[in-house]
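A.B. asks: Below you'll find the structure I mean.
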Amino acid sequence: VFLLANRYNLIEQTPLEMNSDHAEKILDISRVLIGQTSIFFPNNGGREALQMYLVAGLHRFFHIPLGFTILKLSTMLVGALALPFIYRAGKEIGGRRVGFLAFLFSGVAYWPNVISRVGLRLPFYVLFTAALLFFLLRGFRLGRRNDFILAGVALGLGFYGYSADRLLPLLVLAGFGLYLAHPHGRGIRAHLAVSFLGLVTASFVIFIPLLRYIVAQPDNFLFRTLTRMGGLEQPLPASPLSILISNYGKAFTMFSWSGGVVW
């Protein structure tokens with residue numbers, strides 16, 4: 001209860017003002033409400049759809065006015081939903097104590113609260129990563145195919161949450177690869193192959209609508225990624241390697257020295 005109260009405290013005042021990203025979301029949600037539904041929203045560099053429909057639902061069924069508060073409320077709900085999965089994933093890794101500490105730190109730490117309160121799509125990455133990790137680890141521990149199917153559901157839904165979720169298939173491949181290399185996995189490779197197929201099938205079925213959009217509009221889907229990883233939008237100011245090293249240096253020091261200049 002304390003952790004949830006901490007997340008929702010002073011929701012209307014903190015943070016206080018929207019930026020252009022929030023304004024673009026309000027415009028897209030308004031289009032959804034008048035029937036212009038989309039699988040992927042190409043405005044503002046391209047954005048996944050789940051938050052747009054979540055906010056549209058909150059507005060329509062609970063009559064919450066469109067604005068900054070409803071955007072923050074939507075991401076707070078997603079951030080809160082991630083906490084049980086963080087606990088269960090921690091419990092799978094190291095028992096109840098580790099699960100409780102993961103739950104506690106995620107509930108009170110600065111960055112999880114910031115991304116939950118800012119009204120952008122960031123918490124969807126935390127939610128689907130935690131859910132995928134939990135079901136994947138429990139599937140390895142218990143050998144139940146249903147857990148791998150649920151992991152596939154989390155993976156498939158993640159593609160509609162936030163762009164960073166596109167990396168999660170690598171987490172699945174790494175998990176199965178490590179387990180197959182472990183002595184516990186060597187004797188059940190046929191079972192793991194069937195479980196992996198179930199995970200991939202579940203995620204692919206959910207992914208099909210977005211796949212159709214990607215085939216029809218690949219430039220729109222990849223625009224945000226390509227403009228941030230290369231010189232598509234503007235020339236790179238330095239070599240890719242030096243930029244990578246510089247960015248990681250800034251990331252490692254931001255916790256103790258500077259948070260950067262982003263809004």
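Starting from 1 in every chain, residues are counted up; chains themselves are A, B, ... following the order of the structure tokens, and ligands are numbered from 1 as listed.
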Please report, as JSON lines, each residue of stretch 35-97 of chain A lying at most 8 Å from stretch 135-145 of chain A, together with the nearest pair of atoms and the separation in Å rounded to one decimal; use only C-alpha atoms, and order rows by chain and ascending residue number.
C.D. replies:
```
{"residue": "A:Ala89", "atom": "CA", "partner": "A:Leu137", "partner_atom": "CA", "distance": 7.4}
{"residue": "A:Glu92", "atom": "CA", "partner": "A:Leu137", "partner_atom": "CA", "distance": 6.5}
{"residue": "A:Ile93", "atom": "CA", "partner": "A:Leu137", "partner_atom": "CA", "distance": 7.8}
```
A.B. asks: Could you pull out the helix (DSSP H, G or I) residues of stretch 3-252 of chain A from DSSP and send them as a count of residues only?
C.D. replies: 195
A.B. asks: State, in Å with one decimal place, the distance from atom CA of A:Ile29 to atom CA of A:Met52.
C.D. replies: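 Separating atom CA of A:Ile29 from atom CA of A:Met52 is a distance of 5.3 Å.
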A.B. asks: Quick one: residues within 10 Å of stretch 216-218 of chain A, only C-alpha atoms, excluding same-chain residues fewer than 5 positions away - as a list in words?
C.D. replies: Phe40, Pro42, Leu210, Leu211 and Phe223 of chain A
A.B. asks: I'd like the contact shell of A:Glu48 - 7 Å cut-off, only C-alpha atoms, skipping same-chain residues fewer than 5 positions apart - returned as a list of chain:residue names.
C.D. replies: A:Phe40, A:Phe41, A:Tyr160, A:Gly161, A:Tyr162
A.B. asks: Would you write out those residues with C-alpha atoms, as a CSV table (one decimal), in the first residue's frame?
C.D. replies:
```
chain,number,residue,atom,x,y,z
A,40,PHE,CA,1.4,1.6,-35.0
A,41,PHE,CA,1.4,5.4,-34.8
A,160,TYR,CA,3.2,-3.1,-28.8
A,161,GLY,CA,4.6,-1.4,-25.6
A,162,TYR,CA,7.9,0.3,-26.2
```
